[in-house]
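Next comes entry_3.pdb, a file with PDB, C-alpha atoms.
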ATOM      1  CA  MET A  26      34.621  16.712  24.886
ATOM      2  CA  SER A  27      31.125  17.265  23.634
ATOM      3  CA  VAL A  28      28.836  16.212  20.805
ATOM      4  CA  ASP A  29      27.855  19.007  18.424
ATOM      5  CA  LEU A  30      25.934  19.456  15.199
ATOM      6  CA  GLU A  31      29.035  18.760  13.107
ATOM      7  CA  HIS A  32      29.359  15.225  14.481
ATOM      8  CA  TYR A  33      25.867  14.328  13.322
ATOM      9  CA  LEU A  34      26.412  15.994   9.948
ATOM     10  CA  VAL A  35      29.560  13.940   9.363
ATOM     11  CA  VAL A  36      27.749  10.703  10.261
ATOM     12  CA  GLY A  37      24.907  11.702   7.918
ATOM     13  CA  SER A  38      27.354  12.486   5.100
ATOM     14  CA  ILE A  39      29.080   9.117   5.405
ATOM     15  CA  LEU A  40      25.744   7.279   5.503
ATOM     16  CA  PHE A  41      24.568   9.181   2.423
ATOM     17  CA  ALA A  42      27.782   8.401   0.536
ATOM     18  CA  VAL A  43      27.518   4.681   1.328
ATOM     19  CA  GLY A  44      23.883   4.709   0.192
ATOM     20  CA  LEU A  45      24.785   6.518  -3.012
ATOM     21  CA  TYR A  46      27.556   4.027  -3.711
ATOM     22  CA  MET A  47      25.130   1.122  -3.260
ATOM     23  CA  ALA A  48      22.438   2.743  -5.405
ATOM     24  CA  LEU A  49      24.930   3.318  -8.227
ATOM     25  CA  ALA A  50      27.120   0.228  -8.120
ATOM     26  CA  LYS A  51      25.006  -2.718  -6.972
ATOM     27  CA  ARG A  52      23.901  -5.176  -9.633
ATOM     28  CA  ASN A  53      20.940  -6.512  -7.683
ATOM     29  CA  PHE A  54      17.788  -4.393  -7.807
ATOM     30  CA  VAL A  55      17.124  -5.042  -4.095
ATOM     31  CA  GLY A  56      20.669  -3.850  -3.306
ATOM     32  CA  VAL A  57      19.945  -0.601  -5.141
ATOM     33  CA  LEU A  58      16.787  -0.184  -3.053
ATOM     34  CA  MET A  59      18.704  -0.756   0.174
ATOM     35  CA  GLY A  60      21.103   2.013  -0.881
ATOM     36  CA  ILE A  61      18.175   4.356  -1.418
ATOM     37  CA  GLU A  62      16.811   3.551   2.042
ATOM     38  CA  LEU A  63      20.225   4.326   3.544
ATOM     39  CA  MET A  64      20.194   7.714   1.810
ATOM     40  CA  PHE A  65      16.714   8.432   3.235
ATOM     41  CA  ASN A  66      18.052   7.627   6.700
ATOM     42  CA  ALA A  67      21.053   9.909   6.266
ATOM     43  CA  VAL A  68      18.831  12.822   5.237
ATOM     44  CA  ASN A  69      16.433  12.187   8.134
ATOM     45  CA  LEU A  70      19.325  12.150  10.601
ATOM     46  CA  THR A  71      20.514  15.488   9.234
ATOM     47  CA  PHE A  72      17.018  16.966   9.542
ATOM     48  CA  VAL A  73      16.689  15.886  13.173
ATOM     49  CA  ALA A  74      20.192  17.150  14.013
ATOM     50  CA  PHE A  75      19.468  20.590  12.529
ATOM     51  CA  SER A  76      16.120  20.616  14.329
ATOM     52  CA  ARG A  77      17.871  20.001  17.630
ATOM     53  CA  PHE A  78      20.813  22.388  17.312
ATOM     54  CA  VAL A  79      20.014  25.315  14.998
ATOM     55  CA  GLU A  80      18.213  28.479  16.082
ATOM     56  CA  SER A  81      14.657  28.528  14.721
ATOM     57  CA  PRO A  82      11.222  29.890  15.665
ATOM     58  CA  ASN A  83       9.636  26.469  14.996
ATOM     59  CA  PRO A  84      12.284  23.888  15.914
ATOM     60  CA  LEU A  85       9.907  20.941  15.565
ATOM     61  CA  ASP A  86       9.241  21.500  11.852
ATOM     62  CA  GLY A  87      12.258  19.325  11.066
ATOM     63  CA  HIS A  88      10.624  16.443  12.923
ATOM     64  CA  VAL A  89       7.371  16.886  10.981
ATOM     65  CA  PHE A  90       9.354  16.860   7.731
ATOM     66  CA  VAL A  91      11.001  13.601   8.780
ATOM     67  CA  VAL A  92       7.570  12.079   9.432
ATOM     68  CA  PHE A  93       6.606  12.934   5.839
ATOM     69  CA  VAL A  94       9.903  11.575   4.485
ATOM     70  CA  ILE A  95       9.285   8.282   6.294
ATOM     71  CA  THR A  96       5.766   8.136   4.823
ATOM     72  CA  VAL A  97       7.006   8.696   1.290
ATOM     73  CA  ALA A  98       9.852   6.205   1.827
ATOM     74  CA  ALA A  99       7.355   3.544   2.881
ATOM     75  CA  ALA A 100       5.232   4.178  -0.217
ATOM     76  CA  GLU A 101       8.363   4.101  -2.383
ATOM     77  CA  ALA A 102       9.567   0.819  -0.866
ATOM     78  CA  ALA A 103       6.215  -0.918  -1.375
ATOM     79  CA  THR A 104       5.931   0.186  -5.013
ATOM     80  CA  ALA A 105       9.573  -0.458  -5.887
ATOM     81  CA  LEU A 106       9.539  -3.973  -4.440
ATOM     82  CA  ALA A 107       6.342  -4.691  -6.384
ATOM     83  CA  ILE A 108       8.196  -3.526  -9.497
ATOM     84  CA  ALA A 109      11.127  -5.813  -8.588
ATOM     85  CA  MET A 110       8.801  -8.788  -8.400
ATOM     86  CA  LEU A 111       7.143  -7.859 -11.681
ATOM     87  CA  LEU A 112      10.575  -7.426 -13.272
ATOM     88  CA  TYR A 113      11.532 -10.931 -12.201
ATOM     89  CA  ARG A 114       8.269 -12.336 -13.562
ATOM     90  CA  VAL A 115       8.637 -10.634 -16.944
ATOM     91  CA  ARG A 116      12.414 -10.747 -17.532
ATOM     92  CA  GLY A 117      13.494 -13.664 -15.319
ATOM     93  CA  THR A 118      16.143 -11.618 -13.497
ATOM     94  CA  ILE A 119      16.489  -8.622 -11.169
ATOM     95  CA  GLU A 120      20.087  -7.811 -12.132
ATOM     96  CA  VAL A 121      19.946  -4.183 -13.211
ATOM     97  CA  ASP A 122      22.721  -4.765 -15.761
ATOM     98  CA  GLU A 123      20.437  -7.156 -17.630
ATOM     99  CA  ILE A 124      17.508  -4.746 -17.808
ATOM    100  CA  ASN A 125      18.563  -3.049 -21.042
ATOM    101  CA  LEU A 126      15.282  -2.981 -22.914
ATOM    102  CA  LEU A 127      15.604   0.746 -23.607
ATOM    103  CA  LYS A 128      19.276   0.531 -24.614
ATOM    104  CA  TRP A 129      19.888   1.695 -28.148
TER     105      TRP A 129
ATOM    106  CA  MET B 284      25.521  18.112  25.027
ATOM    107  CA  ASP B 285      28.485  17.678  27.321
ATOM    108  CA  ASP B 286      27.562  14.899  29.738
ATOM    109  CA  THR B 287      29.644  11.772  29.452
ATOM    110  CA  GLY B 288      26.703   9.415  28.854
ATOM    111  CA  THR B 289      25.540  11.268  25.741
ATOM    112  CA  VAL B 290      29.064  11.462  24.336
ATOM    113  CA  VAL B 291      29.728   7.752  24.859
ATOM    114  CA  ALA B 292      26.302   6.845  23.450
ATOM    115  CA  PHE B 293      26.847   9.033  20.405
ATOM    116  CA  TRP B 294      30.235   7.536  19.551
ATOM    117  CA  MET B 295      29.054   3.960  20.047
ATOM    118  CA  LEU B 296      25.918   4.514  17.955
ATOM    119  CA  ALA B 297      27.833   6.383  15.262
ATOM    120  CA  VAL B 298      30.369   3.547  14.945
ATOM    121  CA  ILE B 299      27.589   0.925  14.863
ATOM    122  CA  THR B 300      25.565   2.873  12.278
ATOM    123  CA  VAL B 301      28.399   3.686   9.908
ATOM    124  CA  GLY B 302      30.091   0.311  10.366
ATOM    125  CA  SER B 303      27.007  -1.694   9.542
ATOM    126  CA  ALA B 304      26.191   0.612   6.622
ATOM    127  CA  LEU B 305      29.650  -0.212   5.242
ATOM    128  CA  GLY B 306      28.914  -3.865   5.991
ATOM    129  CA  THR B 307      25.722  -3.648   3.940
ATOM    130  CA  ALA B 308      27.777  -2.457   0.992
ATOM    131  CA  ALA B 309      30.604  -4.953   1.517
ATOM    132  CA  VAL B 310      29.071  -8.374   2.235
ATOM    133  CA  ARG B 311      28.477 -10.718  -0.676
ATOM    134  CA  ASN B 312      25.236 -12.313   0.522
ATOM    135  CA  LEU B 313      22.071 -10.259   0.155
ATOM    136  CA  ILE B 314      20.448 -11.735   3.286
ATOM    137  CA  HIS B 315      23.483 -10.723   5.358
ATOM    138  CA  ALA B 316      23.266  -7.274   3.781
ATOM    139  CA  VAL B 317      19.679  -6.959   5.057
ATOM    140  CA  VAL B 318      20.823  -7.922   8.573
ATOM    141  CA  PHE B 319      23.486  -5.198   8.471
ATOM    142  CA  LEU B 320      20.884  -2.764   7.131
ATOM    143  CA  VAL B 321      18.607  -3.512  10.120
ATOM    144  CA  ILE B 322      21.487  -2.874  12.534
ATOM    145  CA  SER B 323      22.217   0.409  10.776
ATOM    146  CA  PHE B 324      18.550   1.501  11.005
ATOM    147  CA  THR B 325      18.522   0.649  14.715
ATOM    148  CA  GLY B 326      21.678   2.716  15.194
ATOM    149  CA  VAL B 327      19.979   5.683  13.523
ATOM    150  CA  ALA B 328      17.031   5.235  15.925
ATOM    151  CA  GLY B 329      19.506   5.412  18.818
ATOM    152  CA  LEU B 330      21.036   8.591  17.368
ATOM    153  CA  TYR B 331      17.509  10.082  17.273
ATOM    154  CA  ILE B 332      17.240   9.387  21.004
ATOM    155  CA  THR B 333      20.520  11.214  21.670
ATOM    156  CA  LEU B 334      18.958  14.140  19.755
ATOM    157  CA  SER B 335      15.900  13.942  22.088
ATOM    158  CA  ALA B 336      13.606  12.959  19.182
ATOM    159  CA  ASP B 337      11.691  10.245  21.053
ATOM    160  CA  PHE B 338       8.703   9.975  18.707
ATOM    161  CA  LEU B 339      10.895   9.685  15.609
ATOM    162  CA  ALA B 340      13.075   7.032  17.263
ATOM    163  CA  VAL B 341      10.010   4.865  17.894
ATOM    164  CA  THR B 342       8.724   5.529  14.376
ATOM    165  CA  GLN B 343      12.117   4.581  12.956
ATOM    166  CA  VAL B 344      12.084   1.253  14.803
ATOM    167  CA  LEU B 345       8.481   0.524  13.793
ATOM    168  CA  ILE B 346       8.693   1.476  10.122
ATOM    169  CA  TYR B 347      12.298   0.942   9.041
ATOM    170  CA  VAL B 348      13.434  -1.868  11.324
ATOM    171  CA  GLY B 349      10.012  -3.533  11.427
ATOM    172  CA  ALA B 350       8.297  -2.967   8.114
ATOM    173  CA  ILE B 351      10.728  -1.978   5.382
ATOM    174  CA  SER B 352      13.353  -4.601   6.238
ATOM    175  CA  ILE B 353      10.677  -7.312   6.206
ATOM    176  CA  LEU B 354       9.474  -5.983   2.857
ATOM    177  CA  VAL B 355      13.026  -6.199   1.484
ATOM    178  CA  LEU B 356      13.368  -9.736   2.853
ATOM    179  CA  PHE B 357      10.107 -10.698   1.136
ATOM    180  CA  ALA B 358      11.393  -9.313  -2.149
ATOM    181  CA  ILE B 359      14.575 -11.400  -1.768
ATOM    182  CA  MET B 360      12.667 -14.552  -0.848
ATOM    183  CA  LEU B 361      10.235 -14.208  -3.769
ATOM    184  CA  THR B 362      13.032 -13.919  -6.347
ATOM    185  CA  PRO B 363      15.164 -16.924  -7.306
ATOM    186  CA  ARG B 364      18.088 -18.331  -5.323
ATOM    187  CA  GLY B 365      20.622 -17.406  -7.983
ATOM    188  CA  ASP B 366      19.866 -13.703  -7.598
ATOM    189  CA  ARG B 367      20.949 -13.403  -3.959
ATOM    190  CA  GLY B 368      24.408 -12.036  -4.591
ATOM    191  CA  ASN B 369      25.335  -8.499  -3.626
ATOM    192  CA  GLN B 370      28.035  -7.883  -6.244
ATOM    193  CA  GLU B 371      28.895  -4.605  -7.884
ATOM    194  CA  GLY B 372      28.310  -3.957 -11.565
ATOM    195  CA  PHE B 373      30.528  -2.199 -14.090
ATOM    196  CA  LEU B 374      29.854   1.190 -12.431
ATOM    197  CA  ARG B 375      31.862   0.292  -9.344
ATOM    198  CA  LEU B 376      34.850   2.596  -9.845
ATOM    199  CA  PRO B 377      32.836   5.694 -10.886
ATOM    200  CA  ALA B 378      30.484   5.055  -7.942
ATOM    201  CA  VAL B 379      33.412   4.895  -5.482
ATOM    202  CA  LEU B 380      34.854   8.103  -6.909
ATOM    203  CA  LEU B 381      31.539   9.957  -6.980
ATOM    204  CA  SER B 382      30.381   9.001  -3.501
ATOM    205  CA  GLY B 383      33.853   9.622  -2.048
ATOM    206  CA  LEU B 384      33.990  13.079  -3.608
ATOM    207  CA  LEU B 385      30.447  13.830  -2.442
ATOM    208  CA  ALA B 386      31.220  12.703   1.115
ATOM    209  CA  ALA B 387      34.393  14.802   1.189
ATOM    210  CA  THR B 388      32.514  17.864  -0.089
ATOM    211  CA  MET B 389      29.649  17.467   2.375
ATOM    212  CA  ILE B 390      31.971  16.918   5.340
ATOM    213  CA  PHE B 391      34.039  19.951   4.342
ATOM    214  CA  VAL B 392      30.901  22.130   4.076
ATOM    215  CA  ALA B 393      29.541  20.785   7.379
ATOM    216  CA  LEU B 394      32.763  21.578   9.219
ATOM    217  CA  ASP B 395      33.496  24.881   7.492
ATOM    218  CA  THR B 396      30.080  26.567   7.735
ATOM    219  CA  ASP B 397      29.285  28.738  10.742
ATOM    220  CA  TRP B 398      25.911  27.245  11.718
ATOM    221  CA  ASN B 399      23.493  29.393  13.685
ATOM    222  CA  ILE B 400      23.690  27.226  16.807
ATOM    223  CA  SER B 401      21.129  27.840  19.521
ATOM    224  CA  ASP B 402      21.829  27.045  23.161
ATOM    225  CA  ARG B 403      18.386  25.720  24.079
ATOM    226  CA  ALA B 404      18.049  22.364  25.803
ATOM    227  CA  GLY B 405      16.677  19.236  24.127
ATOM    228  CA  PHE B 406      12.964  18.755  23.523
ATOM    229  CA  GLU B 407      10.925  17.601  26.511
ATOM    230  CA  ASP B 408       8.171  15.765  24.664
ATOM    231  CA  THR B 409       7.889  15.840  20.903
ATOM    232  CA  ALA B 410       4.901  13.577  20.178
ATOM    233  CA  THR B 411       2.264  16.093  21.330
ATOM    234  CA  ASP B 412       3.756  18.958  19.354
ATOM    235  CA  ILE B 413       4.268  16.857  16.224
ATOM    236  CA  GLY B 414       0.635  15.711  16.401
ATOM    237  CA  GLU B 415      -0.630  19.258  16.814
ATOM    238  CA  ALA B 416       1.545  20.503  13.952
ATOM    239  CA  LEU B 417       0.333  17.667  11.689
ATOM    240  CA  LEU B 418      -3.330  18.511  12.273
ATOM    241  CA  ASP B 419      -2.950  22.266  12.300
ATOM    242  CA  LYS B 420      -0.134  23.794  10.299
ATOM    243  CA  PHE B 421       0.604  20.803   8.052
ATOM    244  CA  VAL B 422      -2.909  19.450   7.619
ATOM    245  CA  LEU B 423      -2.853  19.632   3.803
ATOM    246  CA  PRO B 424       0.421  17.680   3.381
ATOM    247  CA  PHE B 425      -0.919  15.251   5.984
ATOM    248  CA  GLU B 426      -4.018  14.542   3.877
ATOM    249  CA  ILE B 427      -1.943  14.303   0.697
ATOM    250  CA  ALA B 428       0.340  11.795   2.439
ATOM    251  CA  SER B 429      -2.656   9.624   3.317
ATOM    252  CA  VAL B 430      -3.791   9.653  -0.330
ATOM    253  CA  LEU B 431      -0.222   8.839  -1.411
ATOM    254  CA  LEU B 432      -0.129   5.810   0.902
ATOM    255  CA  LEU B 433      -3.483   4.598  -0.451
ATOM    256  CA  VAL B 434      -2.302   4.988  -4.053
ATOM    257  CA  ALA B 435       0.990   3.199  -3.304
ATOM    258  CA  MET B 436      -0.865   0.307  -1.657
ATOM    259  CA  LEU B 437      -3.286  -0.042  -4.569
ATOM    260  CA  GLY B 438      -0.426   0.270  -7.059
ATOM    261  CA  ALA B 439       1.596  -2.468  -5.365
ATOM    262  CA  ILE B 440      -1.418  -4.803  -5.298
ATOM    263  CA  VAL B 441      -2.299  -4.155  -8.941
ATOM    264  CA  LEU B 442       1.327  -4.573 -10.088
ATOM    265  CA  VAL B 443       1.968  -7.974  -8.509
ATOM    266  CA  ARG B 444      -1.497  -9.444  -9.094
ATOM    267  CA  PRO B 445      -1.204 -12.607 -11.208
ATOM    268  CA  GLU B 446      -2.403 -12.341 -14.805
ATOM    269  CA  GLY B 447      -6.134 -12.916 -15.078
ATOM    270  CA  ALA B 448      -6.701 -13.104 -11.313
ATOM    271  CA  VAL B 449     -10.035 -11.338 -11.638
ATOM    272  CA  GLU B 450     -11.329 -13.661 -14.352
ATOM    273  CA  GLU B 451     -10.565 -16.770 -12.302
ATOM    274  CA  GLU B 452     -12.935 -15.771  -9.499
TER     275      GLU B 452
END

Show me, as structure tokens, the structure contained in the file I just sent.
Amino acid sequence: MSVDLEHYLVVGSILFAVGLYMALAKRNFVGVLMGIELMFNAVNLTFVAFSRFVESPNPLDGHVFVVFVITVAAAEAATALAIAMLLYRVRGTIEVDEINLLKW
Amino acid sequence: MDDTGTVVAFWMLAVITVGSALGTAAVRNLIHAVVFLVISFTGVAGLYITLSADFLAVTQVLIYVGAISILVLFAIMLTPRGDRGNQEGFLRLPAVLLSGLLAATMIFVALDTDWNISDRAGFEDTATDIGEALLDKFVLPFEIASVLLLVAMLGAIVLVRPEGAVEEE
């Protein structure tokens, strides 16, 4: 019994699906954000797995890409949580179902 | 990767990661969801170690487990007590269907494709090579990332600043 690329890809797929479910279905804005972070993690795991197992002239490029993804995810989290706080201050709630200002 | 230790570590970490990700989606209290999220992030860091990505494992622990989870906790604490539920909205059924279909498709593609597997061993030491790549081949994205972080920090400060904070001083 051994651990191959497919194992990591399956774990990444399940993580991504759970993150997508949370991002789509959760009512709380912070819950949606946690789903997005889970999706980032799934993609990073897939990058690192490919970097480890697949034939490539520059195998470490996947790692560098993950460093950039983590950077952008940190920037996204800081800005999105600031928006959540602002949303609460302006509308009095962070339930995404209630934020229907643009609904026709 | 055939040795027993790696196999056992992979299965344990995979179960922990996926299980606590499902827990994040399932629990009804948002604080508990953050705890499950932290466990899931730590499990991903462990999976990085089984892939011999030492630098990324440490980065994962520092940034996701350390910083982003605390940021999420702050956002929960600074919003009112009534908004700490973790319920699903009216999109629950379509979301289950869509993410289930997507997971099935991705798993099918992952298992069906003939990946170009190489037989090289794991990386010896990744931090040196990542640092050299960042300052040599990827120096322009590296600089852009630093500007992006600065802009995000300024944006977050400006967004949550109380009204008229400058005038008060």

Q. The PyMOL selection byres ((chain B and resi 378) around 8) on the file shown: which residues, as a ChimeraX atom specification?
A. /A:45-46,49-50 /B:374-377,379-382

Q: Would you mind telling me which residue in A:Ser76, A:Ser81, A:Ser27, A:Asn69 lies nearest to chain B when using all atoms listed in the file?
A: A:Ser27

Q: Work out how far apart atom CA of B:Leu431 and atom CA of A:Leu112 are and give it in Å to one decimal.
A: 22.8 Å

Centre and edges of the stretch 399-413 of chain B box, axis-aligned, 5 Å extra per side, as AutoDock Vina command-line options:
--center_x 13.0 --center_y 21.5 --center_z 20.1 --size_x 31.4 --size_y 25.8 --size_z 22.8

Stretch 347-357 of chain B surroundings by all atoms listed in the file, 10 Å radius, close-in-sequence under 6 positions cut, as an mmCIF file with C-alpha atoms, keeping the file's coordinate frame:
data_model
loop_
_atom_site.group_PDB
_atom_site.id
_atom_site.type_symbol
_atom_site.label_atom_id
_atom_site.label_comp_id
_atom_site.auth_asym_id
_atom_site.auth_seq_id
_atom_site.Cartn_x
_atom_site.Cartn_y
_atom_site.Cartn_z
ATOM 1 C CA VAL A 55 17.124 -5.042 -4.095
ATOM 2 C CA GLY A 56 20.669 -3.850 -3.306
ATOM 3 C CA LEU A 58 16.787 -0.184 -3.053
ATOM 4 C CA MET A 59 18.704 -0.756 0.174
ATOM 5 C CA GLU A 62 16.811 3.551 2.042
ATOM 6 C CA ASN A 66 18.052 7.627 6.700
ATOM 7 C CA ILE A 95 9.285 8.282 6.294
ATOM 8 C CA ALA A 98 9.852 6.205 1.827
ATOM 9 C CA ALA A 99 7.355 3.544 2.881
ATOM 10 C CA ALA A 100 5.232 4.178 -0.217
ATOM 11 C CA ALA A 102 9.567 0.819 -0.866
ATOM 12 C CA ALA A 103 6.215 -0.918 -1.375
ATOM 13 C CA ALA A 105 9.573 -0.458 -5.887
ATOM 14 C CA LEU A 106 9.539 -3.973 -4.440
ATOM 15 C CA ALA A 107 6.342 -4.691 -6.384
ATOM 16 C CA MET A 110 8.801 -8.788 -8.400
ATOM 17 C CA LEU B 313 22.071 -10.259 0.155
ATOM 18 C CA ILE B 314 20.448 -11.735 3.286
ATOM 19 C CA VAL B 317 19.679 -6.959 5.057
ATOM 20 C CA VAL B 318 20.823 -7.922 8.573
ATOM 21 C CA LEU B 320 20.884 -2.764 7.131
ATOM 22 C CA VAL B 321 18.607 -3.512 10.120
ATOM 23 C CA ILE B 322 21.487 -2.874 12.534
ATOM 24 C CA SER B 323 22.217 0.409 10.776
ATOM 25 C CA PHE B 324 18.550 1.501 11.005
ATOM 26 C CA THR B 325 18.522 0.649 14.715
ATOM 27 C CA ALA B 328 17.031 5.235 15.925
ATOM 28 C CA VAL B 341 10.010 4.865 17.894
#

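Minimum atom-to-atom distances from B:Leu442, B:Leu394, B:Ala316, B:Leu417 to A:Val92 were compared using all atoms listed in the file, and the lowest value belongs to B:Leu417.
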